[in-house]
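Below is the file input37.pdb, which contains PDB, C-alpha atoms.
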```pdb
ATOM      1  CA  MET A 201       0.000   0.000   0.000
ATOM      2  CA  ALA A 202       1.390   3.345  -1.033
ATOM      3  CA  ARG A 203       2.252   5.846   1.579
ATOM      4  CA  LYS A 204       0.636   9.252   1.744
ATOM      5  CA  SER A 205       3.958  11.049   1.789
ATOM      6  CA  GLY A 206       3.919  11.089  -1.995
ATOM      7  CA  LYS A 207       7.076   8.938  -2.526
ATOM      8  CA  ALA A 208       6.900   5.853  -4.763
ATOM      9  CA  ALA A 209       6.818   2.551  -2.919
ATOM     10  CA  THR A 210       9.778   0.102  -3.273
ATOM     11  CA  ILE A 211       8.673  -3.285  -4.648
ATOM     12  CA  VAL A 212      10.932  -6.316  -3.878
ATOM     13  CA  VAL A 213      10.408  -9.420  -6.072
ATOM     14  CA  ARG A 214      11.657 -12.733  -4.684
ATOM     15  CA  ARG A 215      12.093 -15.705  -7.034
ATOM     16  CA  GLU A 216      12.942 -19.227  -5.834
ATOM     17  CA  GLU A 217      15.154 -21.207  -8.251
ATOM     18  CA  ILE A 218      14.392 -24.950  -8.295
ATOM     19  CA  ILE A 219      17.675 -26.931  -8.737
ATOM     20  CA  GLN A 220      17.323 -30.497 -10.074
ATOM     21  CA  GLY A 221      19.330 -33.428  -8.618
ATOM     22  CA  GLY A 222      23.032 -33.480  -9.638
ATOM     23  CA  HIS A 223      24.507 -35.970 -12.145
ATOM     24  CA  HIS A 224      26.010 -39.021 -10.314
ATOM     25  CA  GLY A 225      28.101 -40.409 -13.225
ATOM     26  CA  GLY A 226      28.037 -43.888 -14.905
ATOM     27  CA  ALA A 227      30.529 -45.874 -12.751
ATOM     28  CA  TRP A 228      27.705 -47.846 -11.154
ATOM     29  CA  LYS A 229      26.586 -48.925 -14.605
ATOM     30  CA  VAL A 230      30.018 -50.441 -15.385
ATOM     31  CA  ALA A 231      30.084 -52.266 -12.068
ATOM     32  CA  TYR A 232      26.561 -53.565 -12.616
ATOM     33  CA  ALA A 233      27.435 -54.721 -16.136
ATOM     34  CA  ASP A 234      30.482 -56.591 -14.805
ATOM     35  CA  PHE A 235      28.346 -58.249 -12.163
ATOM     36  CA  VAL A 236      25.725 -59.342 -14.694
ATOM     37  CA  THR A 237      28.445 -60.665 -17.037
ATOM     38  CA  ALA A 238      30.047 -62.662 -14.224
ATOM     39  CA  MET A 239      26.714 -64.151 -13.231
ATOM     40  CA  MET A 240      25.978 -65.066 -16.833
ATOM     41  CA  ALA A 241      29.367 -66.769 -17.183
ATOM     42  CA  PHE A 242      28.841 -68.616 -13.891
ATOM     43  CA  PHE A 243      25.444 -69.977 -14.858
ATOM     44  CA  LEU A 244      26.743 -70.863 -18.340
ATOM     45  CA  LEU A 245      29.593 -72.835 -16.712
ATOM     46  CA  MET A 246      27.137 -74.646 -14.438
ATOM     47  CA  TRP A 247      24.999 -75.537 -17.451
ATOM     48  CA  LEU A 248      27.987 -76.861 -19.423
ATOM     49  CA  ILE A 249      29.176 -78.976 -16.496
ATOM     50  CA  ASN A 250      25.709 -80.433 -16.095
ATOM     51  CA  ALA A 251      25.533 -81.173 -19.839
ATOM     52  CA  THR A 252      28.800 -83.199 -19.959
ATOM     53  CA  THR A 253      29.304 -86.813 -18.965
ATOM     54  CA  GLU A 254      31.646 -88.080 -16.250
ATOM     55  CA  GLU A 255      34.104 -89.363 -18.892
ATOM     56  CA  GLN A 256      34.155 -86.008 -20.644
ATOM     57  CA  ARG A 257      34.834 -84.171 -17.394
ATOM     58  CA  LYS A 258      37.715 -86.508 -16.565
ATOM     59  CA  GLY A 259      39.114 -86.050 -20.047
ATOM     60  CA  LEU A 260      39.014 -82.247 -19.680
ATOM     61  CA  ALA A 261      40.654 -82.461 -16.263
ATOM     62  CA  ASP A 262      43.362 -84.777 -17.596
ATOM     63  CA  TYR A 263      44.099 -82.330 -20.397
ATOM     64  CA  PHE A 264      45.316 -79.806 -17.824
ATOM     65  CA  SER A 265      47.193 -82.385 -15.727
ATOM     66  CA  PRO A 266      50.753 -83.646 -16.417
ATOM     67  CA  GLN A 267      50.853 -87.038 -18.070
ATOM     68  CA  ASN A 268      53.233 -89.860 -17.122
ATOM     69  CA  LEU A 269      53.734 -92.345 -19.968
ATOM     70  CA  PHE A 270      54.799 -95.091 -17.600
ATOM     71  CA  ALA A 271      52.062 -94.688 -14.975
ATOM     72  CA  HIS A 272      48.401 -95.639 -15.049
ATOM     73  CA  ALA A 273      47.202 -92.496 -13.320
ATOM     74  CA  THR A 274      47.775 -88.813 -13.846
ATOM     75  CA  SER A 275      49.261 -86.582 -11.210
ATOM     76  CA  GLY A 276      47.512 -83.650  -9.585
ATOM     77  CA  SER A 277      50.670 -82.330  -7.959
ATOM     78  CA  GLY A 278      50.821 -78.575  -8.039
ATOM     79  CA  LYS A 279      47.219 -78.193  -9.245
ATOM     80  CA  PRO A 280      44.355 -76.428  -7.423
ATOM     81  CA  PHE A 281      42.646 -78.648  -4.837
ATOM     82  CA  GLY A 282      45.366 -81.290  -5.268
ATOM     83  CA  GLY A 283      44.283 -82.066  -8.825
ATOM     84  CA  THR A 284      40.762 -83.148  -7.836
ATOM     85  CA  THR A 285      37.351 -81.864  -8.887
ATOM     86  CA  PRO A 286      33.905 -82.044  -7.325
ATOM     87  CA  PHE A 287      33.202 -84.930  -9.694
ATOM     88  CA  SER A 288      36.213 -87.115  -8.825
ATOM     89  CA  ALA A 289      37.019 -89.122  -5.761
ATOM     90  CA  GLY A 290      40.807 -89.190  -5.277
ATOM     91  CA  ALA A 291      43.415 -88.901  -8.010
ATOM     92  CA  LEU A 292      42.371 -88.154 -11.568
ATOM     93  CA  VAL A 293      42.501 -91.400 -13.525
ATOM     94  CA  SER A 294      42.223 -91.778 -17.278
ATOM     95  CA  ASP A 295      43.262 -94.389 -19.828
ATOM     96  CA  GLN A 296      42.682 -92.044 -22.761
ATOM     97  CA  GLY A 297      45.838 -90.781 -24.432
ATOM     98  CA  ALA A 298      48.202 -92.624 -22.060
ATOM     99  CA  ALA A 299      50.716 -95.154 -23.381
ATOM    100  CA  GLU A 300      50.165 -98.666 -22.090
ATOM    101  CA  ILE A 301      53.247-100.761 -21.401
ATOM    102  CA  THR A 302      52.533-104.414 -22.024
ATOM    103  CA  PRO A 303      55.389-106.630 -20.853
ATOM    104  CA  GLY A 304      55.828-109.903 -22.687
ATOM    105  CA  ARG A 305      57.902-112.959 -22.260
ATOM    106  CA  ASN A 306      61.540-112.298 -22.950
ATOM    107  CA  GLN A 307      63.297-114.851 -25.111
ATOM    108  CA  PRO A 308      66.990-115.370 -24.400
ATOM    109  CA  ILE A 309      69.571-114.645 -27.045
ATOM    110  CA  PRO A 310      70.472-117.915 -28.778
ATOM    111  CA  ASN A 311      73.843-119.301 -27.689
ATOM    112  CA  ALA A 312      74.295-116.424 -25.239
ATOM    113  CA  VAL A 313      72.229-117.201 -22.115
ATOM    114  CA  PRO A 314      72.319-120.571 -20.282
ATOM    115  CA  THR A 315      69.067-122.531 -20.288
ATOM    116  CA  ASP A 316      68.799-122.592 -16.509
ATOM    117  CA  THR A 317      68.835-118.774 -16.353
ATOM    118  CA  ALA A 318      66.561-118.106 -19.323
ATOM    119  CA  GLN A 319      63.443-118.087 -17.140
ATOM    120  CA  GLN A 320      65.000-115.412 -14.918
ATOM    121  CA  ALA A 321      65.827-113.012 -17.747
ATOM    122  CA  THR A 322      64.244-109.617 -17.218
ATOM    123  CA  PRO A 323      64.611-106.269 -18.973
ATOM    124  CA  GLN A 324      67.787-104.578 -17.759
ATOM    125  CA  MET A 325      68.156-100.823 -17.456
ATOM    126  CA  THR A 326      71.650 -99.659 -18.422
ATOM    127  CA  GLN A 327      72.434 -95.965 -18.218
ATOM    128  CA  ASP A 328      74.338 -94.461 -21.070
ATOM    129  CA  GLY A 329      75.550 -91.573 -18.954
ATOM    130  CA  GLY A 330      72.985 -89.102 -20.293
ATOM    131  CA  ALA A 331      70.883 -86.959 -18.029
ATOM    132  CA  GLY A 332      67.462 -88.539 -17.634
ATOM    133  CA  GLU A 333      67.904 -90.947 -20.528
ATOM    134  CA  GLN A 334      68.400 -94.698 -20.432
ATOM    135  CA  ASP A 335      68.734 -97.606 -22.791
ATOM    136  CA  THR A 336      66.361-100.482 -22.121
ATOM    137  CA  TYR A 337      67.668-103.850 -23.193
ATOM    138  CA  ALA A 338      65.384-106.848 -23.276
ATOM    139  CA  PRO A 339      67.310-110.069 -24.085
ATOM    140  CA  GLY A 340      66.369-111.221 -27.537
ATOM    141  CA  SER A 341      64.478-108.103 -28.465
ATOM    142  CA  GLY A 342      67.318-106.010 -29.918
ATOM    143  CA  THR A 343      65.500-102.810 -29.090
ATOM    144  CA  SER A 344      66.359 -99.894 -26.881
ATOM    145  CA  GLY A 345      63.890 -97.487 -25.288
ATOM    146  CA  MET A 346      64.621 -93.813 -24.737
ATOM    147  CA  ALA A 347      62.768 -91.438 -22.578
ATOM    148  CA  ALA A 348      62.710 -87.611 -24.405
ATOM    149  CA  SER A 349      63.874 -84.230 -23.666
ATOM    150  CA  GLY A 350      63.557 -81.513 -26.090
ATOM    151  CA  GLY A 351      61.479 -82.064 -28.539
ATOM    152  CA  THR A 352      60.260 -84.795 -28.628
ATOM    153  CA  SER A 353      60.600 -88.443 -26.869
ATOM    154  CA  PRO A 354      59.443 -92.133 -28.102
ATOM    155  CA  GLN A 355      57.045 -94.309 -26.245
ATOM    156  CA  ALA A 356      58.903 -97.491 -25.250
ATOM    157  CA  ILE A 357      56.533-100.482 -25.462
ATOM    158  CA  LEU A 358      57.773-104.002 -24.913
ATOM    159  CA  PRO A 359      55.907-106.121 -27.518
ATOM    160  CA  PRO A 360      54.569-109.451 -26.275
ATOM    161  CA  THR A 361      56.210-112.450 -27.878
ATOM    162  CA  ALA A 362      54.873-115.925 -28.224
ATOM    163  CA  ALA A 363      56.339-118.642 -26.019
ATOM    164  CA  PRO A 364      58.974-120.690 -27.840
ATOM    165  CA  SER A 365      57.782-124.027 -29.084
ATOM    166  CA  ALA A 366      60.990-125.690 -27.928
ATOM    167  CA  PRO A 367      63.574-124.677 -25.325
ATOM    168  CA  PRO A 368      66.644-122.925 -26.794
ATOM    169  CA  PRO A 369      69.884-124.868 -26.854
ATOM    170  CA  ALA A 370      72.276-124.415 -23.984
ATOM    171  CA  ALA A 371      74.839-121.657 -24.508
ATOM    172  CA  SER A 372      78.380-122.752 -25.041
ATOM    173  CA  PRO A 373      81.116-121.555 -22.679
ATOM    174  CA  ALA A 374      82.549-119.467 -25.533
ATOM    175  CA  ALA A 375      79.191-117.682 -26.033
ATOM    176  CA  ILE A 376      78.886-116.975 -22.315
ATOM    177  CA  ALA A 377      82.401-115.538 -22.226
ATOM    178  CA  GLU A 378      81.624-113.428 -25.301
ATOM    179  CA  SER A 379      78.539-111.933 -23.639
ATOM    180  CA  ALA A 380      80.596-111.137 -20.554
ATOM    181  CA  ARG A 381      83.189-109.332 -22.684
ATOM    182  CA  PHE A 382      80.469-107.319 -24.406
ATOM    183  CA  ALA A 383      78.955-106.269 -21.069
ATOM    184  CA  ALA A 384      82.354-105.224 -19.729
ATOM    185  CA  ALA A 385      83.155-103.284 -22.909
ATOM    186  CA  ALA A 386      79.803-101.463 -22.801
ATOM    187  CA  GLN A 387      80.357-100.449 -19.191
ATOM    188  CA  ALA A 388      83.906 -99.289 -19.953
ATOM    189  CA  MET A 389      82.683 -97.107 -22.837
ATOM    190  CA  ARG A 390      80.051 -95.422 -20.692
ATOM    191  CA  GLN A 391      82.533 -94.763 -17.926
ATOM    192  CA  ALA A 392      85.117 -93.401 -20.371
ATOM    193  CA  ILE A 393      82.627 -90.838 -21.711
ATOM    194  CA  ALA A 394      81.189 -89.921 -18.303
ATOM    195  CA  SER A 395      84.615 -89.475 -16.691
ATOM    196  CA  ASP A 396      85.842 -87.043 -19.357
ATOM    197  CA  PRO A 397      84.620 -83.504 -18.509
ATOM    198  CA  ALA A 398      84.890 -82.502 -22.171
ATOM    199  CA  LEU A 399      82.625 -85.365 -23.268
ATOM    200  CA  SER A 400      80.247 -85.827 -20.348
ATOM    201  CA  GLY A 401      77.769 -83.443 -21.967
ATOM    202  CA  LEU A 402      77.730 -85.636 -25.085
ATOM    203  CA  ALA A 403      76.874 -88.850 -23.254
ATOM    204  CA  ARG A 404      73.257 -88.677 -24.448
ATOM    205  CA  GLN A 405      74.451 -89.056 -28.023
ATOM    206  CA  LEU A 406      76.063 -92.418 -27.264
ATOM    207  CA  LYS A 407      73.633 -95.371 -27.215
ATOM    208  CA  ILE A 408      74.960 -98.808 -26.297
ATOM    209  CA  ASP A 409      72.893-101.991 -26.161
ATOM    210  CA  GLU A 410      73.088-105.675 -26.991
ATOM    211  CA  THR A 411      71.184-107.229 -29.862
ATOM    212  CA  PRO A 412      71.049-110.759 -31.286
ATOM    213  CA  GLN A 413      73.720-109.585 -33.757
ATOM    214  CA  GLY A 414      76.117-108.378 -31.055
ATOM    215  CA  LEU A 415      77.153-105.282 -29.112
ATOM    216  CA  ARG A 416      75.724-102.195 -30.827
ATOM    217  CA  ILE A 417      77.239 -98.737 -30.326
ATOM    218  CA  GLN A 418      75.268 -95.868 -31.879
ATOM    219  CA  ILE A 419      76.309 -92.224 -32.078
ATOM    220  CA  VAL A 420      73.175 -90.214 -32.806
ATOM    221  CA  ASP A 421      72.471 -86.650 -33.808
ATOM    222  CA  GLN A 422      70.633 -84.256 -31.546
ATOM    223  CA  ASP A 423      69.080 -80.882 -32.267
ATOM    224  CA  LYS A 424      71.933 -78.359 -32.670
ATOM    225  CA  ARG A 425      74.457 -81.170 -32.053
ATOM    226  CA  PRO A 426      75.047 -82.975 -35.354
ATOM    227  CA  MET A 427      77.772 -85.565 -35.952
ATOM    228  CA  PHE A 428      78.261 -84.381 -39.513
ATOM    229  CA  ALA A 429      77.713 -81.051 -41.173
ATOM    230  CA  SER A 430      74.499 -80.928 -43.170
ATOM    231  CA  GLY A 431      74.986 -82.835 -46.435
ATOM    232  CA  SER A 432      78.621 -83.600 -45.609
ATOM    233  CA  ALA A 433      80.586 -86.731 -44.683
ATOM    234  CA  ALA A 434      83.157 -84.820 -42.608
ATOM    235  CA  LEU A 435      82.981 -85.834 -38.953
ATOM    236  CA  ASP A 436      82.143 -83.132 -36.445
ATOM    237  CA  PRO A 437      84.801 -82.579 -33.732
ATOM    238  CA  ARG A 438      82.368 -83.849 -31.091
ATOM    239  CA  ALA A 439      81.707 -87.097 -32.937
ATOM    240  CA  THR A 440      85.441 -87.468 -33.576
ATOM    241  CA  ALA A 441      86.145 -87.094 -29.852
ATOM    242  CA  ILE A 442      83.560 -89.777 -28.956
ATOM    243  CA  LEU A 443      84.932 -92.237 -31.526
ATOM    244  CA  LEU A 444      88.528 -91.699 -30.421
ATOM    245  CA  LYS A 445      87.478 -92.240 -26.801
ATOM    246  CA  ILE A 446      85.808 -95.609 -27.432
ATOM    247  CA  ALA A 447      88.295 -96.793 -30.083
ATOM    248  CA  PRO A 448      90.758 -98.343 -27.581
ATOM    249  CA  ILE A 449      87.927-100.363 -26.038
ATOM    250  CA  LEU A 450      86.806-101.560 -29.474
ATOM    251  CA  ASN A 451      90.391-102.498 -30.271
ATOM    252  CA  SER A 452      90.584-104.605 -27.118
ATOM    253  CA  LEU A 453      87.892-106.925 -28.515
ATOM    254  CA  SER A 454      88.602-109.544 -31.166
ATOM    255  CA  GLU A 455      85.220-109.931 -32.873
ATOM    256  CA  ALA A 456      84.445-108.593 -36.351
ATOM    257  CA  ILE A 457      82.851-105.167 -36.721
ATOM    258  CA  ALA A 458      80.060-103.899 -38.985
ATOM    259  CA  ILE A 459      79.506-100.166 -39.537
ATOM    260  CA  THR A 460      76.232 -98.725 -40.861
ATOM    261  CA  GLY A 461      75.395 -95.131 -41.781
ATOM    262  CA  HIS A 462      71.840 -93.760 -41.363
ATOM    263  CA  THR A 463      70.132 -90.533 -42.435
ATOM    264  CA  ASP A 464      66.726 -89.021 -41.796
ATOM    265  CA  ALA A 465      63.976 -88.815 -44.412
ATOM    266  CA  ALA A 466      64.935 -85.322 -45.614
ATOM    267  CA  PRO A 467      66.086 -85.572 -49.243
ATOM    268  CA  TYR A 468      69.663 -84.639 -50.094
ATOM    269  CA  ARG A 469      69.747 -80.934 -50.979
ATOM    270  CA  GLY A 470      72.629 -81.080 -53.410
ATOM    271  CA  THR A 471      72.812 -82.553 -56.894
ATOM    272  CA  GLY A 472      74.369 -85.752 -58.137
ATOM    273  CA  LYS A 473      73.968 -87.537 -54.801
ATOM    274  CA  THR A 474      71.250 -89.113 -52.661
ATOM    275  CA  ASN A 475      70.949 -90.154 -49.043
ATOM    276  CA  TRP A 476      72.258 -93.585 -50.070
ATOM    277  CA  GLU A 477      75.615 -92.170 -51.080
ATOM    278  CA  LEU A 478      75.650 -89.776 -48.116
ATOM    279  CA  SER A 479      75.049 -92.524 -45.539
ATOM    280  CA  SER A 480      77.696 -94.745 -47.175
ATOM    281  CA  GLU A 481      80.264 -91.934 -47.175
ATOM    282  CA  ARG A 482      79.623 -91.222 -43.494
ATOM    283  CA  ALA A 483      80.076 -94.899 -42.648
ATOM    284  CA  ASP A 484      83.350 -94.883 -44.621
ATOM    285  CA  ALA A 485      84.524 -91.771 -42.737
ATOM    286  CA  THR A 486      83.819 -93.526 -39.437
ATOM    287  CA  LEU A 487      85.790 -96.567 -40.560
ATOM    288  CA  ARG A 488      88.770 -94.463 -41.593
ATOM    289  CA  LEU A 489      88.856 -92.734 -38.230
ATOM    290  CA  LEU A 490      88.685 -96.042 -36.322
ATOM    291  CA  MET A 491      91.462 -97.502 -38.465
ATOM    292  CA  THR A 492      93.561 -94.413 -37.783
ATOM    293  CA  ALA A 493      92.961 -95.107 -34.063
ATOM    294  CA  GLY A 494      94.336 -98.651 -34.447
ATOM    295  CA  LEU A 495      91.425-100.837 -35.605
ATOM    296  CA  PRO A 496      92.807-103.678 -37.777
ATOM    297  CA  GLU A 497      91.293-103.756 -41.245
ATOM    298  CA  ALA A 498      90.974-107.539 -40.957
ATOM    299  CA  ARG A 499      88.265-107.085 -38.298
ATOM    300  CA  VAL A 500      86.006-105.086 -40.622
ATOM    301  CA  HIS A 501      83.165-107.317 -41.800
ATOM    302  CA  ASN A 502      81.087-104.798 -43.764
ATOM    303  CA  VAL A 503      80.522-101.075 -44.145
ATOM    304  CA  THR A 504      77.119-100.043 -45.493
ATOM    305  CA  GLY A 505      74.808 -97.074 -45.873
ATOM    306  CA  VAL A 506      71.059 -97.591 -45.584
ATOM    307  CA  ALA A 507      69.887 -93.969 -46.021
ATOM    308  CA  ASP A 508      66.559 -93.536 -44.176
ATOM    309  CA  ARG A 509      65.376 -97.154 -44.512
ATOM    310  CA  ASP A 510      65.998 -98.095 -40.860
ATOM    311  CA  PRO A 511      64.940 -95.112 -38.705
ATOM    312  CA  LEU A 512      65.398 -95.201 -34.956
ATOM    313  CA  LEU A 513      62.007 -93.483 -34.621
ATOM    314  CA  PRO A 514      59.770 -94.841 -37.420
ATOM    315  CA  LYS A 515      56.869 -92.568 -36.396
ATOM    316  CA  ASP A 516      59.057 -89.463 -36.759
ATOM    317  CA  PRO A 517      61.255 -90.017 -39.847
ATOM    318  CA  MET A 518      62.566 -86.427 -39.684
ATOM    319  CA  ALA A 519      63.815 -86.737 -36.084
ATOM    320  CA  ALA A 520      67.455 -85.869 -35.459
ATOM    321  CA  VAL A 521      68.186 -89.205 -33.734
ATOM    322  CA  ASN A 522      67.516 -91.012 -37.019
ATOM    323  CA  ARG A 523      70.798 -89.531 -38.298
ATOM    324  CA  ARG A 524      73.334 -91.833 -36.720
ATOM    325  CA  ILE A 525      76.284 -94.175 -37.113
ATOM    326  CA  ALA A 526      75.872 -97.732 -35.808
ATOM    327  CA  ILE A 527      78.933 -99.849 -34.955
ATOM    328  CA  VAL A 528      78.105-103.498 -34.192
ATOM    329  CA  VAL A 529      80.641-105.873 -32.665
ATOM    330  CA  LEU A 530      79.346-109.085 -34.221
ATOM    331  CA  ARG A 531      78.845-112.289 -32.286
ATOM    332  CA  ALA A 532      80.769-115.297 -33.492
ATOM    333  CA  THR A 533      77.454-117.021 -34.285
ATOM    334  CA  GLN A 534      76.633-114.295 -36.836
ATOM    335  CA  LEU A 535      79.671-115.189 -38.936
ATOM    336  CA  ASN A 536      79.069-118.952 -39.102
TER
END
```

I'd like the structure from this file rewritten - as structure tokens, please.
Amino acid sequence: MARKSGKAATIVVRREEIIQGGHHGGAWKVAYADFVTAMMAFFLLMWLINATTEEQRKGLADYFSPQNLFAHATSGSGKPFGGTTPFSAGALVSDQGAAEITPGRNQPIPNAVPTDTAQQATPQMTQDGGAGEQDTYAPGSGTSGMAASGGTSPQAILPPTAAPSAPPPAASPAAIAESARFAAAAQAMRQAIASDPALSGLARQLKIDETPQGLRIQIVDQDKRPMFASGSAALDPRATAILLKIAPILNSLSEAIAITGHTDAAPYRGTGKTNWELSSERADATLRLLMTAGLPEARVHNVTGVADRDPLLPKDPMAAVNRRIAIVVLRATQLN
């Protein structure tokens, strides 16, 4: 209401500003999306587990467990919950994908093992001096088993053999003495390599076993450790050192010697030559070195090259161990 004094009245206008709620950001949306995703993955996992069979679950568990070729069960060592799952009771067991070792009856080497001890013959493990690698010799089998490192390792299976229809003839005293000499020579070769600090690291490339033909000494290639340069017949210094180390022991024996050269399945890269010529030339180079070390030429029975026709690992023809030199001290029965 205006005053009577005649002055204009002062009018004050008050306005209230309505402020809406502030913006809270989208972080809660990310967290909620993560939660929903995790729940979806969890329920999807539960559905997949329920949809698989017990055998399938064991197979999946075994896939993430270390395998032992020479054991029936897998190991859960170092795995969560000791290697077990809610669907297994105890250790994880699976026969799928594991090598089965089937021992058979071992037949004695003719004219080498007395009849009264033939029934007691068992596979013998003889170390060749290599780390974690052994040669398995079963009398009469002529095979050696190797356990792998690097690359790649064979599954050693002892094949069952039928029982002989008639007992083998009794070994002569000369055959028994010959077998004893072979065993002593093999042990001396392994010790000579293992005791030399310069050669102890090459012990895995020396394989020694007994076969029906005689005492077999093989010098094999390994990855990045060849005996010969690629496509060449010139001996590598390492292979030369091994041959010179075992040469005196070979010279101490009197039996005839056969030398065989082997290659892998890779074709010869050069021209005018094949793996047949290459394997023969490498066998000849080995012979020349042994003769230089004192081996009488009269003891040499044959020197041959078989290219890739007799691989040490038939299932892996390109394996380095297939490239090798085999020296066999022949039994007297093989020359009659």

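In this structure, CA of Thr460 in chain A sits 19.5 Å away from CA of Arg404 in chain A.
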
task = List the residues selected by the PyMOL selection byres ((chain A and resi 417-434) around 6) in the file shown, writing them as a ChimeraX atom specification.
result = /A:405-408,416,435-436,439,481-482,520-521,523-527

Pairwise distance for CA of Pro517 in chain A and CA of Asp464 in chain A, rounded to one decimal in Å = 5.9 Å

request  = Please evaluate the PyMOL selection byres ((chain A and resi 484) around 9) against the displayed coordinates and give the resulting residues as JSON, numbers by chain.
outcome  = {"A": [433, 459, 460, 461, 479, 480, 481, 482, 483, 485, 486, 487, 488, 489, 503, 504, 505]}

Please produce a file of those selected residues containing C-alpha atoms, as a tab-separated table (two decimals), keeping the file's coordinate frame.
```tsv
chain	number	residue	atom	x	y	z
A	433	ALA	CA	80.59	-86.73	-44.68
A	459	ILE	CA	79.51	-100.17	-39.54
A	460	THR	CA	76.23	-98.72	-40.86
A	461	GLY	CA	75.40	-95.13	-41.78
A	479	SER	CA	75.05	-92.52	-45.54
A	480	SER	CA	77.70	-94.74	-47.18
A	481	GLU	CA	80.26	-91.93	-47.18
A	482	ARG	CA	79.62	-91.22	-43.49
A	483	ALA	CA	80.08	-94.90	-42.65
A	485	ALA	CA	84.52	-91.77	-42.74
A	486	THR	CA	83.82	-93.53	-39.44
A	487	LEU	CA	85.79	-96.57	-40.56
A	488	ARG	CA	88.77	-94.46	-41.59
A	489	LEU	CA	88.86	-92.73	-38.23
A	503	VAL	CA	80.52	-101.08	-44.14
A	504	THR	CA	77.12	-100.04	-45.49
A	505	GLY	CA	74.81	-97.07	-45.87
```

query = Between CA of Ala456 in chain A and CA of Arg499 in chain A, what is the distance, to one decimal in Å?
reply = 4.5 Å

Contacts of Leu535 in chain A within 12 Å, all atoms listed in the file, excl. fewer than 4 positions in-chain, as a PyMOL selection string = chain A and resi 413-414+455-458+499+501-502+529-531

Take the selection from the previous step and output its residues with C-alpha atoms, as an mmCIF file, keeping the file's coordinate frame.
```
data_model
loop_
_atom_site.group_PDB
_atom_site.id
_atom_site.type_symbol
_atom_site.label_atom_id
_atom_site.label_comp_id
_atom_site.auth_asym_id
_atom_site.auth_seq_id
_atom_site.Cartn_x
_atom_site.Cartn_y
_atom_site.Cartn_z
ATOM 1 C CA GLN A 413 73.720 -109.585 -33.757
ATOM 2 C CA GLY A 414 76.117 -108.378 -31.055
ATOM 3 C CA GLU A 455 85.220 -109.931 -32.873
ATOM 4 C CA ALA A 456 84.445 -108.593 -36.351
ATOM 5 C CA ILE A 457 82.851 -105.167 -36.721
ATOM 6 C CA ALA A 458 80.060 -103.899 -38.985
ATOM 7 C CA ARG A 499 88.265 -107.085 -38.298
ATOM 8 C CA HIS A 501 83.165 -107.317 -41.800
ATOM 9 C CA ASN A 502 81.087 -104.798 -43.764
ATOM 10 C CA VAL A 529 80.641 -105.873 -32.665
ATOM 11 C CA LEU A 530 79.346 -109.085 -34.221
ATOM 12 C CA ARG A 531 78.845 -112.289 -32.286
#
```

query = Which residues fall under the PyMOL selection byres ((chain A and resi 494) around 10) in this file, as a PyMOL selection string?
reply = chain A and resi 444+447-448+450-451+488-493+495-497

Given 5 Å of margin on each side, can you work out the centre and size in Å (one decimal) of an axis-aligned box holding every listed atom of range 450-455 of chain A, as JSON?
```
{"center_x": 87.9, "center_y": -105.7, "center_z": -30.0, "size_x": 15.4, "size_y": 18.4, "size_z": 15.8}
```

Complete the atom set of range 247-257 of chain A to N, CA and C atoms and return it as a short mmCIF file (atom, residue, chain, number, x, y, z; two decimals), in the coordinates of the input.
```
data_model
loop_
_atom_site.label_atom_id
_atom_site.label_comp_id
_atom_site.auth_asym_id
_atom_site.auth_seq_id
_atom_site.Cartn_x
_atom_site.Cartn_y
_atom_site.Cartn_z
N TRP A 247 25.80 -74.81 -16.45
CA TRP A 247 25.00 -75.54 -17.45
C TRP A 247 25.88 -76.48 -18.27
N LEU A 248 27.10 -76.01 -18.64
CA LEU A 248 27.99 -76.86 -19.42
C LEU A 248 28.45 -78.07 -18.61
N ILE A 249 28.76 -77.85 -17.34
CA ILE A 249 29.18 -78.98 -16.50
C ILE A 249 28.05 -80.00 -16.37
N ASN A 250 26.84 -79.52 -16.22
CA ASN A 250 25.71 -80.43 -16.10
C ASN A 250 25.43 -81.17 -17.40
N ALA A 251 25.83 -80.56 -18.54
CA ALA A 251 25.53 -81.17 -19.84
C ALA A 251 26.57 -82.19 -20.26
N THR A 252 27.74 -82.25 -19.58
CA THR A 252 28.80 -83.20 -19.96
C THR A 252 28.70 -84.47 -19.13
N THR A 253 29.29 -85.53 -19.67
CA THR A 253 29.30 -86.81 -18.96
C THR A 253 30.51 -86.89 -18.03
N GLU A 254 30.53 -87.90 -17.18
CA GLU A 254 31.65 -88.08 -16.25
C GLU A 254 32.94 -88.32 -17.01
N GLU A 255 32.90 -89.09 -18.10
CA GLU A 255 34.10 -89.36 -18.89
C GLU A 255 34.64 -88.09 -19.55
N GLN A 256 33.72 -87.26 -20.02
CA GLN A 256 34.16 -86.01 -20.64
C GLN A 256 34.80 -85.08 -19.62
N ARG A 257 34.25 -85.02 -18.42
CA ARG A 257 34.83 -84.17 -17.39
C ARG A 257 36.22 -84.66 -17.00
#
```
